[in-house]
Each structure stands twice: as structure tokens, then as C-alpha cells.
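**Q** Once you've had a glance at the structure underneath, I'll fire off some questions.
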Amino acid sequence: MSSVLSGRARSVESTGFIVNWIKFILHVLVQILKALAYGWIVALVKLLKRLYRILKAFCAYLKLSHWEQETAGDNCCKFTNPAYHRPDPCIYDQYYLMSLNIAVTWDNPDITLLRGGVVVAEHSLLPNTEYEIDATIWNNSFLAPVVGMQVNFGYLSFGVSTVLHPIGSTLVNLGVKDGPGCPAVAKMLWTTPSTPGHYCIQVRFSCPDDANPNNNLGQNNVDVVPALSPANFTFALRNQTKTANAYTFEVDTYAIPASPPCSDTIAQDQGTFAERLKKIQAIHNRANFPVPEGWTVHITPAEVTLIPDEETEIAVSVTPPTGFVGTIPFNFHAMYGKRYAGGVTVYVSKT
């Protein structure tokens, strides 16, 4: 009796196995038929959508300025373990600050020129003369230093987005924030061009796995013009993007305010990044530094369209009110759409 039951059990088990195997084969056949019928269409649509996203991102990248392309962050190969700390070398970076809606001056506080160990004014450089450029570099990280970071120096003609001429490179070691070796000063000797004129200084650097690669470019575009009723000067404007752009200008009289007391600085450092940024924006709000009453500023042309690599001259006339004596900074920022192309700072002075 037991042998009969055992035989029946094996028969049932064998039948179930065959049924399951047939179901599996039918399932595979159905999937193959679906793929042949319309599955390839679904896969093709997904592929086309992916290619469209890639093409759209590439076109957006091409519309960026050279500076924005160079400083675009790379999120590949980033360590996220809490035991790993990332450095954040930085300089007074006008482009980064403007992206945060913070007023800026093009008289860069972190770039200084010296001759014979004495600080000289950038607007009175002699042709074919050797100067020393000192670039002060900071670190926003309390835990990660930087060793052997390359700092690149270059000069441009006075203006916005003009052609960069390399000067040279040097290496610096940067300590952690509030520690020894921070800030670090990168030094570079520079012999000015033999052609007389006014020139701008640019300092750029980068380091592996930078916590914020967008604050690594500082420019010093400053001039002093006597107000001989009016104060007249020109600067160059160049389109360094790959598309034609219509440029307009914004003007303000912002200057970096005096450093607040330590107690106020500590208070500003409290809270989240968004909360701290809001406090900083309130202090450095461009709207608080308009062209003073009684002054007139004329920019010619007030709007200009340039094709890629085209350069033009912008003429500016600043007229002070009657009886004015002193010096006031005027910051001229060139924009295309909602993007900042750069700017210059001019001190209008009258004795």
C-alpha cells in the first residue's frame, strides 16, 4: 500500500514539475513576442528621451561663459564618509558673490601689487616694469588643509571678459581656517607690457575634491579717474561665450564696509547657511548703494549685442554735483540676460 502511495506522489510531483516548466516556457515566449511586437518601441522611446536630456544639458553648457564652464562643479568620485574632510580654498570671487546676490567691488581686497616691497596703485603701473603680485588665499574648512596647490596668475586689458594673458604659476600650502598657514599668500613677479595702458589682474586656482570650486577666481579691475566735470573713461567689453548676446549694464557705489566687531561677526556665523546668507545679503545689498543724488552717469552704448569673441569699447561719463570734493567708487557690471559677464570699478575723485 505504501509503495502505491509513494508512486502516486512521485507521479503528481513529476506532473507539477512539467506544468511549471511549461508555464515558464510560455512566459518566456510571451515576453519575446511582446518585445518583438512593441517592446523595442518602448526601449527606443526611453533611449531617445535619455539622448534628449544629454543634448539639452550639453546645449546649456555651451551657453555658459568661459568662466562658468571652467568653474562648473564635478560631482564625480566624491567621498561622503564623515571621517573624510574636504578643503575649501577661496579668494574674494566677484562672480561667486554675485551669484549669491551679494554686492561686489572689482577693487579686489585679496590682490595687491608691490614694487620694491611697497604697495602701489593698480591704476598707475609703469610699462615694462617689474612688480610683485600678492594673492591672499583663504580656507573655509576648519579640518582639511591643502598642500602644494597651484595658483595661476594672468592679466587682461581693462574691461569685461577681455583676453587673458598668462603670467605664471606658483605653489602654496594652505592651512585650516583659524589655524597657522591660513591665509596663505601666493607671490608672483610680473613685468608689465611695454605698451602703456591699464591692466587687470586675475588669480585662479583649484584643488582636488574642493568643497566649493566656485569661489576660486579673483579679479582686480580698478581705475581712478579725476572728475574734470565730467569724469570720462572707457573700458573694453568682449563676448567670451559661444553665442551672440545683448549686454546691458548695472551701476552702484558699493564699497566693502569696515570689519564689524568680533561679537557681531560671531552672531553672523550662527544658524544655517541660508540664515547666515540672508544676514550677509542684508549688509551687502546692492540696492543700498545707488548712484548718489545729484550725480549723472551716461554709458554709451547703453545696450550692445556682440557675437562670440567680438569686442567693443564702452564709453562712460560721470558728472558730479556742483561743489563735490572727495572720492566715490562706481562699480559697472555688464550683464547678458540674468548672467553677469564681469565688471570694473572706477574711483571718481575731485580735490
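Labeling convention for the C-alpha cells: chains A, B, ... as they appear, residues from 1 per chain, ligands from 1 in order of appearance.
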Enumerate, as a PDB file with N, CA and C atoms, in the first residue's frame, the complete set of residues in region 121-241 of chain A that a backbone-based DSSP assignment places in strand (DSSP E or B).

**A**
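Result file is part_24.pdb:
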ATOM      1  N   GLU A 130      58.932  95.714 -13.478  1.00  0.00           N
ATOM      2  CA  GLU A 130      58.650  94.514 -12.694  1.00  0.00           C
ATOM      3  C   GLU A 130      57.906  94.857 -11.405  1.00  0.00           C
ATOM      4  N   TYR A 131      56.829  94.132 -11.153  1.00  0.00           N
ATOM      5  CA  TYR A 131      56.042  94.270  -9.940  1.00  0.00           C
ATOM      6  C   TYR A 131      55.870  92.889  -9.315  1.00  0.00           C
ATOM      7  N   GLU A 132      55.484  92.882  -8.052  1.00  0.00           N
ATOM      8  CA  GLU A 132      55.137  91.641  -7.366  1.00  0.00           C
ATOM      9  C   GLU A 132      53.638  91.626  -7.106  1.00  0.00           C
ATOM     10  N   ILE A 133      52.995  90.533  -7.494  1.00  0.00           N
ATOM     11  CA  ILE A 133      51.571  90.360  -7.220  1.00  0.00           C
ATOM     12  C   ILE A 133      51.429  89.438  -6.019  1.00  0.00           C
ATOM     13  N   ASP A 134      50.719  89.894  -4.999  1.00  0.00           N
ATOM     14  CA  ASP A 134      50.433  89.077  -3.820  1.00  0.00           C
ATOM     15  C   ASP A 134      48.949  88.720  -3.814  1.00  0.00           C
ATOM     16  N   ALA A 135      48.651  87.432  -3.783  1.00  0.00           N
ATOM     17  CA  ALA A 135      47.261  86.967  -3.736  1.00  0.00           C
ATOM     18  C   ALA A 135      47.019  86.263  -2.405  1.00  0.00           C
ATOM     19  N   THR A 136      46.095  86.793  -1.621  1.00  0.00           N
ATOM     20  CA  THR A 136      45.756  86.199  -0.333  1.00  0.00           C
ATOM     21  C   THR A 136      44.677  85.136  -0.539  1.00  0.00           C
ATOM     22  N   ILE A 137      44.983  83.908  -0.092  1.00  0.00           N
ATOM     23  CA  ILE A 137      44.068  82.780  -0.295  1.00  0.00           C
ATOM     24  C   ILE A 137      43.632  82.247   1.068  1.00  0.00           C
ATOM     25  N   TRP A 138      42.337  82.024   1.216  1.00  0.00           N
ATOM     26  CA  TRP A 138      41.742  81.603   2.472  1.00  0.00           C
ATOM     27  C   TRP A 138      41.268  80.158   2.377  1.00  0.00           C
ATOM     28  N   ASN A 139      40.891  79.593   3.520  1.00  0.00           N
ATOM     29  CA  ASN A 139      40.336  78.246   3.576  1.00  0.00           C
ATOM     30  C   ASN A 139      39.091  78.277   4.447  1.00  0.00           C
ATOM     31  N   VAL A 146      45.385  72.252   2.557  1.00  0.00           N
ATOM     32  CA  VAL A 146      45.719  71.989   1.162  1.00  0.00           C
ATOM     33  C   VAL A 146      47.239  72.063   1.025  1.00  0.00           C
ATOM     34  N   VAL A 147      47.826  71.062   0.393  1.00  0.00           N
ATOM     35  CA  VAL A 147      49.277  71.003   0.226  1.00  0.00           C
ATOM     36  C   VAL A 147      49.629  71.095  -1.250  1.00  0.00           C
ATOM     37  N   GLY A 148      50.544  72.010  -1.588  1.00  0.00           N
ATOM     38  CA  GLY A 148      51.029  72.116  -2.959  1.00  0.00           C
ATOM     39  C   GLY A 148      49.967  72.504  -3.965  1.00  0.00           C
ATOM     40  N   MET A 149      49.124  73.474  -3.630  1.00  0.00           N
ATOM     41  CA  MET A 149      48.076  73.908  -4.560  1.00  0.00           C
ATOM     42  C   MET A 149      48.651  74.889  -5.569  1.00  0.00           C
ATOM     43  N   GLN A 150      48.356  74.659  -6.835  1.00  0.00           N
ATOM     44  CA  GLN A 150      48.849  75.538  -7.900  1.00  0.00           C
ATOM     45  C   GLN A 150      47.963  76.767  -8.025  1.00  0.00           C
ATOM     46  N   VAL A 151      48.599  77.938  -8.058  1.00  0.00           N
ATOM     47  CA  VAL A 151      47.899  79.212  -8.213  1.00  0.00           C
ATOM     48  C   VAL A 151      48.371  79.846  -9.511  1.00  0.00           C
ATOM     49  N   ASN A 152      47.425  80.168 -10.392  1.00  0.00           N
ATOM     50  CA  ASN A 152      47.740  80.717 -11.714  1.00  0.00           C
ATOM     51  C   ASN A 152      47.445  82.212 -11.755  1.00  0.00           C
ATOM     52  N   PHE A 153      48.373  82.978 -12.327  1.00  0.00           N
ATOM     53  CA  PHE A 153      48.235  84.421 -12.451  1.00  0.00           C
ATOM     54  C   PHE A 153      48.149  84.804 -13.934  1.00  0.00           C
ATOM     55  N   GLY A 154      47.353  85.836 -14.218  1.00  0.00           N
ATOM     56  CA  GLY A 154      47.256  86.343 -15.578  1.00  0.00           C
ATOM     57  C   GLY A 154      46.830  87.797 -15.559  1.00  0.00           C
ATOM     58  N   TYR A 155      46.917  88.446 -16.709  1.00  0.00           N
ATOM     59  CA  TYR A 155      46.469  89.844 -16.804  1.00  0.00           C
ATOM     60  C   TYR A 155      45.588  90.015 -18.033  1.00  0.00           C
ATOM     61  N   LEU A 156      44.721  91.014 -17.969  1.00  0.00           N
ATOM     62  CA  LEU A 156      43.800  91.334 -19.051  1.00  0.00           C
ATOM     63  C   LEU A 156      43.825  92.835 -19.277  1.00  0.00           C
ATOM     64  N   SER A 157      43.392  93.262 -20.458  1.00  0.00           N
ATOM     65  CA  SER A 157      43.206  94.687 -20.656  1.00  0.00           C
ATOM     66  C   SER A 157      42.010  95.142 -19.833  1.00  0.00           C
ATOM     67  N   GLY A 159      38.709  96.019 -18.639  1.00  0.00           N
ATOM     68  CA  GLY A 159      37.394  95.828 -19.216  1.00  0.00           C
ATOM     69  C   GLY A 159      36.716  94.582 -18.695  1.00  0.00           C
ATOM     70  N   VAL A 160      35.762  94.068 -19.482  1.00  0.00           N
ATOM     71  CA  VAL A 160      34.932  92.935 -19.100  1.00  0.00           C
ATOM     72  C   VAL A 160      35.152  91.795 -20.082  1.00  0.00           C
ATOM     73  N   HIS A 165      45.984  86.881 -20.564  1.00  0.00           N
ATOM     74  CA  HIS A 165      47.375  86.596 -20.905  1.00  0.00           C
ATOM     75  C   HIS A 165      48.042  85.997 -19.666  1.00  0.00           C
ATOM     76  N   PRO A 166      48.491  84.731 -19.754  1.00  0.00           N
ATOM     77  CA  PRO A 166      49.106  84.104 -18.577  1.00  0.00           C
ATOM     78  C   PRO A 166      50.379  84.826 -18.146  1.00  0.00           C
ATOM     79  N   ILE A 167      50.584  84.902 -16.827  1.00  0.00           N
ATOM     80  CA  ILE A 167      51.807  85.453 -16.250  1.00  0.00           C
ATOM     81  C   ILE A 167      52.692  84.328 -15.726  1.00  0.00           C
ATOM     82  N   GLY A 168      52.114  83.415 -14.971  1.00  0.00           N
ATOM     83  CA  GLY A 168      52.870  82.310 -14.409  1.00  0.00           C
ATOM     84  C   GLY A 168      52.090  81.620 -13.323  1.00  0.00           C
ATOM     85  N   SER A 169      52.692  80.597 -12.737  1.00  0.00           N
ATOM     86  CA  SER A 169      52.054  79.810 -11.685  1.00  0.00           C
ATOM     87  C   SER A 169      53.026  79.588 -10.538  1.00  0.00           C
ATOM     88  N   THR A 170      52.480  79.378  -9.352  1.00  0.00           N
ATOM     89  CA  THR A 170      53.277  79.053  -8.176  1.00  0.00           C
ATOM     90  C   THR A 170      52.494  78.087  -7.308  1.00  0.00           C
ATOM     91  N   LEU A 171      53.156  77.497  -6.323  1.00  0.00           N
ATOM     92  CA  LEU A 171      52.515  76.538  -5.420  1.00  0.00           C
ATOM     93  C   LEU A 171      52.470  77.114  -4.012  1.00  0.00           C
ATOM     94  N   VAL A 172      51.382  76.835  -3.303  1.00  0.00           N
ATOM     95  CA  VAL A 172      51.249  77.281  -1.923  1.00  0.00           C
ATOM     96  C   VAL A 172      50.707  76.140  -1.074  1.00  0.00           C
ATOM     97  N   ASN A 173      51.025  76.197   0.217  1.00  0.00           N
ATOM     98  CA  ASN A 173      50.422  75.314   1.217  1.00  0.00           C
ATOM     99  C   ASN A 173      49.449  76.151   2.037  1.00  0.00           C
ATOM    100  N   LEU A 174      48.239  75.651   2.191  1.00  0.00           N
ATOM    101  CA  LEU A 174      47.181  76.400   2.866  1.00  0.00           C
ATOM    102  C   LEU A 174      46.709  75.644   4.097  1.00  0.00           C
ATOM    103  N   ALA A 184      47.072  81.958   3.219  1.00  0.00           N
ATOM    104  CA  ALA A 184      48.365  81.826   2.556  1.00  0.00           C
ATOM    105  C   ALA A 184      48.481  82.927   1.510  1.00  0.00           C
ATOM    106  N   VAL A 185      49.696  83.375   1.247  1.00  0.00           N
ATOM    107  CA  VAL A 185      49.922  84.419   0.252  1.00  0.00           C
ATOM    108  C   VAL A 185      50.747  83.836  -0.896  1.00  0.00           C
ATOM    109  N   ALA A 186      50.146  83.817  -2.074  1.00  0.00           N
ATOM    110  CA  ALA A 186      50.848  83.371  -3.282  1.00  0.00           C
ATOM    111  C   ALA A 186      51.479  84.593  -3.936  1.00  0.00           C
ATOM    112  N   LYS A 187      52.762  84.508  -4.252  1.00  0.00           N
ATOM    113  CA  LYS A 187      53.501  85.648  -4.804  1.00  0.00           C
ATOM    114  C   LYS A 187      53.951  85.331  -6.227  1.00  0.00           C
ATOM    115  N   MET A 188      53.881  86.347  -7.087  1.00  0.00           N
ATOM    116  CA  MET A 188      54.289  86.169  -8.485  1.00  0.00           C
ATOM    117  C   MET A 188      54.882  87.475  -9.006  1.00  0.00           C
ATOM    118  N   LEU A 189      56.087  87.387  -9.622  1.00  0.00           N
ATOM    119  CA  LEU A 189      56.703  88.546 -10.251  1.00  0.00           C
ATOM    120  C   LEU A 189      56.110  88.731 -11.638  1.00  0.00           C
ATOM    121  N   TRP A 190      55.884  89.993 -12.005  1.00  0.00           N
ATOM    122  CA  TRP A 190      55.260  90.303 -13.295  1.00  0.00           C
ATOM    123  C   TRP A 190      55.893  91.549 -13.870  1.00  0.00           C
ATOM    124  N   THR A 191      56.365  91.432 -15.096  1.00  0.00           N
ATOM    125  CA  THR A 191      56.861  92.591 -15.822  1.00  0.00           C
ATOM    126  C   THR A 191      55.749  93.084 -16.732  1.00  0.00           C
ATOM    127  N   TYR A 199      45.798  97.667 -16.884  1.00  0.00           N
ATOM    128  CA  TYR A 199      45.609  96.228 -16.968  1.00  0.00           C
ATOM    129  C   TYR A 199      44.945  95.690 -15.705  1.00  0.00           C
ATOM    130  N   CYS A 200      44.232  94.577 -15.880  1.00  0.00           N
ATOM    131  CA  CYS A 200      43.563  93.904 -14.773  1.00  0.00           C
ATOM    132  C   CYS A 200      44.328  92.632 -14.431  1.00  0.00           C
ATOM    133  N   ILE A 201      44.296  92.254 -13.161  1.00  0.00           N
ATOM    134  CA  ILE A 201      44.967  91.051 -12.686  1.00  0.00           C
ATOM    135  C   ILE A 201      43.921  89.981 -12.370  1.00  0.00           C
ATOM    136  N   GLN A 202      44.221  88.745 -12.765  1.00  0.00           N
ATOM    137  CA  GLN A 202      43.339  87.623 -12.450  1.00  0.00           C
ATOM    138  C   GLN A 202      44.135  86.530 -11.741  1.00  0.00           C
ATOM    139  N   VAL A 203      43.548  85.984 -10.685  1.00  0.00           N
ATOM    140  CA  VAL A 203      44.156  84.891  -9.927  1.00  0.00           C
ATOM    141  C   VAL A 203      43.156  83.737  -9.883  1.00  0.00           C
ATOM    142  N   ARG A 204      43.636  82.549 -10.268  1.00  0.00           N
ATOM    143  CA  ARG A 204      42.750  81.374 -10.308  1.00  0.00           C
ATOM    144  C   ARG A 204      43.500  80.167  -9.737  1.00  0.00           C
ATOM    145  N   PHE A 205      42.780  79.289  -9.043  1.00  0.00           N
ATOM    146  CA  PHE A 205      43.384  78.080  -8.501  1.00  0.00           C
ATOM    147  C   PHE A 205      42.318  77.010  -8.359  1.00  0.00           C
ATOM    148  N   LEU A 217      38.252  82.171  -8.159  1.00  0.00           N
ATOM    149  CA  LEU A 217      38.686  83.108  -9.191  1.00  0.00           C
ATOM    150  C   LEU A 217      38.522  84.537  -8.691  1.00  0.00           C
ATOM    151  N   GLY A 218      39.622  85.267  -8.593  1.00  0.00           N
ATOM    152  CA  GLY A 218      39.570  86.660  -8.158  1.00  0.00           C
ATOM    153  C   GLY A 218      40.113  87.579  -9.241  1.00  0.00           C
ATOM    154  N   GLN A 219      39.458  88.720  -9.443  1.00  0.00           N
ATOM    155  CA  GLN A 219      39.919  89.696 -10.426  1.00  0.00           C
ATOM    156  C   GLN A 219      40.053  91.066  -9.788  1.00  0.00           C
ATOM    157  N   ASN A 220      40.997  91.826 -10.302  1.00  0.00           N
ATOM    158  CA  ASN A 220      41.237  93.176  -9.812  1.00  0.00           C
ATOM    159  C   ASN A 220      41.141  94.125 -10.995  1.00  0.00           C
ATOM    160  N   VAL A 222      40.368  97.820 -11.568  1.00  0.00           N
ATOM    161  CA  VAL A 222      40.120  99.094 -10.899  1.00  0.00           C
ATOM    162  C   VAL A 222      40.894 100.217 -11.587  1.00  0.00           C
ATOM    163  N   ASP A 223      40.309 101.407 -11.597  1.00  0.00           N
ATOM    164  CA  ASP A 223      40.963 102.592 -12.149  1.00  0.00           C
ATOM    165  C   ASP A 223      40.521 103.805 -11.339  1.00  0.00           C
ATOM    166  N   VAL A 224      41.288 104.855 -11.423  1.00  0.00           N
ATOM    167  CA  VAL A 224      40.967 106.119 -10.760  1.00  0.00           C
ATOM    168  C   VAL A 224      40.903 107.201 -11.827  1.00  0.00           C
ATOM    169  N   VAL A 225      39.800 107.941 -11.868  1.00  0.00           N
ATOM    170  CA  VAL A 225      39.601 108.965 -12.893  1.00  0.00           C
ATOM    171  C   VAL A 225      39.270 110.292 -12.218  1.00  0.00           C
ATOM    172  N   PRO A 226      40.000 111.364 -12.537  1.00  0.00           N
ATOM    173  CA  PRO A 226      39.669 112.670 -11.954  1.00  0.00           C
ATOM    174  C   PRO A 226      38.363 113.196 -12.524  1.00  0.00           C
ATOM    175  N   ALA A 231      33.821 113.172 -15.411  1.00  0.00           N
ATOM    176  CA  ALA A 231      34.889 112.192 -15.454  1.00  0.00           C
ATOM    177  C   ALA A 231      34.595 111.247 -16.623  1.00  0.00           C
ATOM    178  N   ASN A 232      35.500 111.206 -17.595  1.00  0.00           N
ATOM    179  CA  ASN A 232      35.300 110.391 -18.784  1.00  0.00           C
ATOM    180  C   ASN A 232      36.326 109.255 -18.829  1.00  0.00           C
ATOM    181  N   PHE A 233      35.878 108.072 -19.182  1.00  0.00           N
ATOM    182  CA  PHE A 233      36.789 106.949 -19.343  1.00  0.00           C
ATOM    183  C   PHE A 233      36.116 105.894 -20.215  1.00  0.00           C
ATOM    184  N   THR A 234      36.899 104.911 -20.641  1.00  0.00           N
ATOM    185  CA  THR A 234      36.379 103.820 -21.457  1.00  0.00           C
ATOM    186  C   THR A 234      36.870 102.493 -20.900  1.00  0.00           C
ATOM    187  N   PHE A 235      36.153 101.441 -21.224  1.00  0.00           N
ATOM    188  CA  PHE A 235      36.622 100.096 -20.922  1.00  0.00           C
ATOM    189  C   PHE A 235      36.143  99.154 -22.023  1.00  0.00           C
ATOM    190  N   ALA A 236      36.858  98.046 -22.185  1.00  0.00           N
ATOM    191  CA  ALA A 236      36.542  97.087 -23.242  1.00  0.00           C
ATOM    192  C   ALA A 236      35.497  96.091 -22.755  1.00  0.00           C
ATOM    193  N   LEU A 237      34.628  95.685 -23.652  1.00  0.00           N
ATOM    194  CA  LEU A 237      33.639  94.637 -23.381  1.00  0.00           C
ATOM    195  C   LEU A 237      33.757  93.598 -24.481  1.00  0.00           C
ATOM    196  N   ARG A 238      33.963  92.346 -24.085  1.00  0.00           N
ATOM    197  CA  ARG A 238      34.129  91.255 -25.054  1.00  0.00           C
ATOM    198  C   ARG A 238      33.150  90.137 -24.739  1.00  0.00           C
TER     199      ARG A 238
END

**Q** Which region 191-277 of chain A residues have any atom within 6 Å of an atom of region 86-101 of chain A, and for each, what is the nearest pair of atoms with distance in Å to one decimal, counting only C-alpha atoms, rows sorted by chain and number, as CSV?

**A**
residue,atom,partner,partner_atom,distance
A:Asp210,CA,A:Asp88,CA,5.5
A:Ala211,CA,A:Asp88,CA,5.1
A:Asn212,CA,A:Asp88,CA,5.9
A:Asn215,CA,A:Cys90,CA,5.3
A:Asn216,CA,A:Cys90,CA,5.1
A:Leu217,CA,A:Asp93,CA,5.3
A:Gly218,CA,A:Asp93,CA,4.7

**Q** Produce a file of the selected residues containing C-alpha atoms, as a compact mmCIF listing (two decimals), in the first residue's frame.

**A**
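Produced file again39.txt, reproduced below:
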# COMPACT_ATOMS: atom_id res chain seq x y z
CA ASP A 210 37.27 71.12 -3.47
CA ALA A 211 34.19 71.57 -1.27
CA ASN A 212 33.25 74.66 -3.33
CA ASN A 215 34.98 80.64 -5.25
CA ASN A 216 38.46 80.18 -6.76
CA LEU A 217 38.69 83.11 -9.19
CA GLY A 218 39.57 86.66 -8.16

**Q** Just list as a CSV table (one decimal) with C-alpha atoms, in the first residue's frame whatever in region 123-243 of chain A DSSP marks as helix (DSSP H, G or I).

**A**
chain,number,residue,atom,x,y,z
A,123,HIS,CA,45.9,102.4,-12.0
A,124,SER,CA,49.4,103.9,-12.1
A,213,PRO,CA,35.1,75.1,-6.7
A,214,ASN,CA,33.1,78.2,-7.5
A,215,ASN,CA,35.0,80.6,-5.3

**Q** What does the distance between CA of Ala244 (chain A) and CA of Tyr336 (chain A) come to in Å, to one decimal place?

**A**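 We find that CA of Ala244 (chain A) and CA of Tyr336 (chain A) lie 9.7 Å from each other.
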
**Q** Please list as a list in words every residue within 10 Å of Pro127 (chain A), counting only C-alpha atoms and excluding residues in the same chain fewer than 4 positions away.

**A**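 Non-adjacent residues within range: Thr191, Thr192, Pro193, Ser194, Thr195, Pro196, Gly197 and His198 of chain A.
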
**Q** Hey, can you spit out that residue selection with C-alpha atoms as a PDB file, in the first residue's frame?

**A**
ATOM      1  CA  THR A 191      56.861  92.591 -15.822  1.00  0.00           C
ATOM      2  CA  THR A 192      54.186  94.849 -17.273  1.00  0.00           C
ATOM      3  CA  PRO A 193      53.753  95.043 -21.079  1.00  0.00           C
ATOM      4  CA  SER A 194      55.854  97.611 -22.907  1.00  0.00           C
ATOM      5  CA  THR A 195      52.676  99.184 -24.271  1.00  0.00           C
ATOM      6  CA  PRO A 196      51.355 101.795 -21.814  1.00  0.00           C
ATOM      7  CA  GLY A 197      47.846 101.182 -20.564  1.00  0.00           C
ATOM      8  CA  HIS A 198      45.728  99.959 -17.721  1.00  0.00           C
TER       9      HIS A 198
END

**Q** For Ser349 (chain A), which residue among A:Thr322, A:Gly271, A:Met335, A:Ala227 is the nearest when counting only C-alpha atoms?

**A**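 Result for the nearest residue to Ser349 (chain A): A:Ala227.
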
**Q** List the spatial neighbours of region 296-313 of chain A as number ranges by chain - criterion: any atom at most 12 Å away, only C-alpha atoms, same-chain residues fewer than 6 positions off excluded.

**A** A: 62-66, 157-163, 229-253, 290, 319-322, 330-337, 348

**Q** Next, write the just-selected residues to a file, as a compact mmCIF listing (two decimals), in the first residue's frame, keeping N, CA and C atoms as the atom set.

**A**
# COMPACT_ATOMS: atom_id res chain seq x y z
N LEU A 62 27.09 74.85 -23.42
CA LEU A 62 27.70 75.70 -24.44
C LEU A 62 27.31 77.16 -24.28
N LYS A 63 26.15 77.44 -23.68
CA LYS A 63 25.71 78.81 -23.49
C LYS A 63 26.39 79.50 -22.32
N LEU A 64 27.07 78.71 -21.48
CA LEU A 64 27.76 79.29 -20.33
C LEU A 64 28.98 80.08 -20.79
N SER A 65 29.37 81.08 -19.99
CA SER A 65 30.60 81.81 -20.28
C SER A 65 31.80 80.90 -20.03
N HIS A 66 32.96 81.34 -20.51
CA HIS A 66 34.17 80.55 -20.30
C HIS A 66 34.42 80.33 -18.82
N SER A 157 43.39 93.26 -20.46
CA SER A 157 43.21 94.69 -20.66
C SER A 157 42.01 95.14 -19.83
N PHE A 158 41.97 96.42 -19.48
CA PHE A 158 40.94 96.95 -18.61
C PHE A 158 39.57 96.80 -19.27
N GLY A 159 38.71 96.02 -18.64
CA GLY A 159 37.39 95.83 -19.22
C GLY A 159 36.72 94.58 -18.69
N VAL A 160 35.76 94.07 -19.48
CA VAL A 160 34.93 92.94 -19.10
C VAL A 160 35.15 91.80 -20.08
N SER A 161 35.53 90.62 -19.55
CA SER A 161 35.70 89.40 -20.34
C SER A 161 36.74 89.56 -21.45
N THR A 162 37.75 90.38 -21.23
CA THR A 162 38.79 90.56 -22.23
C THR A 162 39.73 89.35 -22.23
N VAL A 163 40.65 89.32 -23.20
CA VAL A 163 41.51 88.15 -23.39
C VAL A 163 42.52 88.05 -22.25
N SER A 229 34.66 117.36 -14.52
CA SER A 229 33.33 117.82 -14.97
C SER A 229 33.09 117.57 -16.45
N PRO A 230 32.78 116.41 -16.90
CA PRO A 230 32.62 115.19 -16.09
C PRO A 230 33.91 114.35 -16.08
N ALA A 231 33.82 113.17 -15.41
CA ALA A 231 34.89 112.19 -15.45
C ALA A 231 34.59 111.25 -16.62
N ASN A 232 35.50 111.21 -17.59
CA ASN A 232 35.30 110.39 -18.78
C ASN A 232 36.33 109.26 -18.83
N PHE A 233 35.88 108.07 -19.18
CA PHE A 233 36.79 106.95 -19.34
C PHE A 233 36.12 105.89 -20.21
N THR A 234 36.90 104.91 -20.64
CA THR A 234 36.38 103.82 -21.46
C THR A 234 36.87 102.49 -20.90
N PHE A 235 36.15 101.44 -21.22
CA PHE A 235 36.62 100.10 -20.92
C PHE A 235 36.14 99.15 -22.02
N ALA A 236 36.86 98.05 -22.19
CA ALA A 236 36.54 97.09 -23.24
C ALA A 236 35.50 96.09 -22.76
N LEU A 237 34.63 95.68 -23.65
CA LEU A 237 33.64 94.64 -23.38
C LEU A 237 33.76 93.60 -24.48
N ARG A 238 33.96 92.35 -24.08
CA ARG A 238 34.13 91.26 -25.05
C ARG A 238 33.15 90.14 -24.74
N ASN A 239 32.63 89.53 -25.77
CA ASN A 239 31.74 88.37 -25.62
C ASN A 239 32.60 87.11 -25.65
N GLN A 240 32.79 86.48 -24.50
CA GLN A 240 33.60 85.27 -24.44
C GLN A 240 32.77 83.99 -24.45
N THR A 241 31.47 84.12 -24.72
CA THR A 241 30.61 82.94 -24.82
C THR A 241 30.58 82.46 -26.27
N LYS A 242 29.85 81.40 -26.52
CA LYS A 242 29.77 80.82 -27.86
C LYS A 242 28.48 81.20 -28.59
N THR A 243 27.73 82.15 -28.04
CA THR A 243 26.50 82.62 -28.69
C THR A 243 26.48 84.14 -28.67
N ALA A 244 25.70 84.72 -29.57
CA ALA A 244 25.53 86.17 -29.58
C ALA A 244 24.71 86.58 -28.36
N ASN A 245 25.10 87.69 -27.73
CA ASN A 245 24.41 88.15 -26.52
C ASN A 245 24.18 89.66 -26.57
N ALA A 246 23.06 90.08 -25.98
CA ALA A 246 22.76 91.50 -25.80
C ALA A 246 23.20 91.89 -24.39
N TYR A 247 24.09 92.87 -24.27
CA TYR A 247 24.65 93.27 -22.99
C TYR A 247 24.04 94.58 -22.51
N THR A 248 23.73 94.62 -21.23
CA THR A 248 23.30 95.84 -20.56
C THR A 248 24.20 96.06 -19.34
N PHE A 249 23.98 97.15 -18.60
CA PHE A 249 24.88 97.50 -17.52
C PHE A 249 24.11 97.91 -16.27
N GLU A 250 24.69 97.54 -15.13
CA GLU A 250 24.21 97.99 -13.83
C GLU A 250 25.31 98.81 -13.17
N VAL A 251 24.91 99.82 -12.42
CA VAL A 251 25.88 100.71 -11.76
C VAL A 251 25.50 100.85 -10.29
N ASP A 252 26.49 100.77 -9.41
CA ASP A 252 26.27 101.03 -7.99
C ASP A 252 27.53 101.65 -7.41
N THR A 253 27.46 102.06 -6.16
CA THR A 253 28.60 102.69 -5.50
C THR A 253 29.01 101.90 -4.26
N PRO A 290 23.04 103.03 -4.29
CA PRO A 290 22.70 103.55 -5.62
C PRO A 290 23.62 104.71 -6.01
N THR A 319 29.23 112.61 -14.05
CA THR A 319 29.25 114.03 -13.70
C THR A 319 28.85 114.21 -12.23
N PRO A 320 29.74 114.78 -11.41
CA PRO A 320 29.40 115.00 -10.00
C PRO A 320 28.56 116.26 -9.83
N PRO A 321 27.90 116.40 -8.70
CA PRO A 321 27.16 117.64 -8.45
C PRO A 321 28.12 118.80 -8.19
N THR A 322 27.63 119.99 -8.33
CA THR A 322 28.44 121.19 -8.10
C THR A 322 28.94 121.22 -6.66
N PHE A 330 32.59 103.78 -8.26
CA PHE A 330 31.47 103.39 -9.13
C PHE A 330 31.78 102.02 -9.71
N ASN A 331 30.86 101.09 -9.48
CA ASN A 331 31.02 99.72 -9.98
C ASN A 331 30.12 99.53 -11.19
N PHE A 332 30.72 99.15 -12.32
CA PHE A 332 29.97 98.93 -13.55
C PHE A 332 29.97 97.44 -13.85
N HIS A 333 28.78 96.83 -13.87
CA HIS A 333 28.64 95.40 -14.10
C HIS A 333 27.95 95.17 -15.44
N ALA A 334 28.56 94.36 -16.30
CA ALA A 334 27.96 94.02 -17.59
C ALA A 334 27.16 92.73 -17.43
N MET A 335 25.96 92.72 -18.03
CA MET A 335 25.07 91.56 -17.94
C MET A 335 24.56 91.17 -19.31
N TYR A 336 24.32 89.87 -19.49
CA TYR A 336 23.58 89.40 -20.66
C TYR A 336 22.49 88.48 -20.12
N GLY A 337 21.25 88.89 -20.35
CA GLY A 337 20.14 88.20 -19.71
C GLY A 337 20.23 88.41 -18.21
N VAL A 348 35.97 107.83 -8.83
CA VAL A 348 35.86 109.19 -9.34
C VAL A 348 36.29 110.14 -8.24

**Q** Of the candidates A:Thr105, A:Asn140, A:Thr272, A:Ser317, which shows the shortest atom-to-atom distance to Cys182 (chain A), using only C-alpha atoms?

**A**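 Nearest to Cys182 (chain A): A:Asn140.
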
**Q** Please determine, counting only C-alpha atoms, which residue among A:Leu228, A:Val344, A:Ala255, A:Ile314 has the shortest atom-to-atom distance to Ile328 (chain A).

**A**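 For Ile328 (chain A), the nearest of the given residues is A:Ala255.
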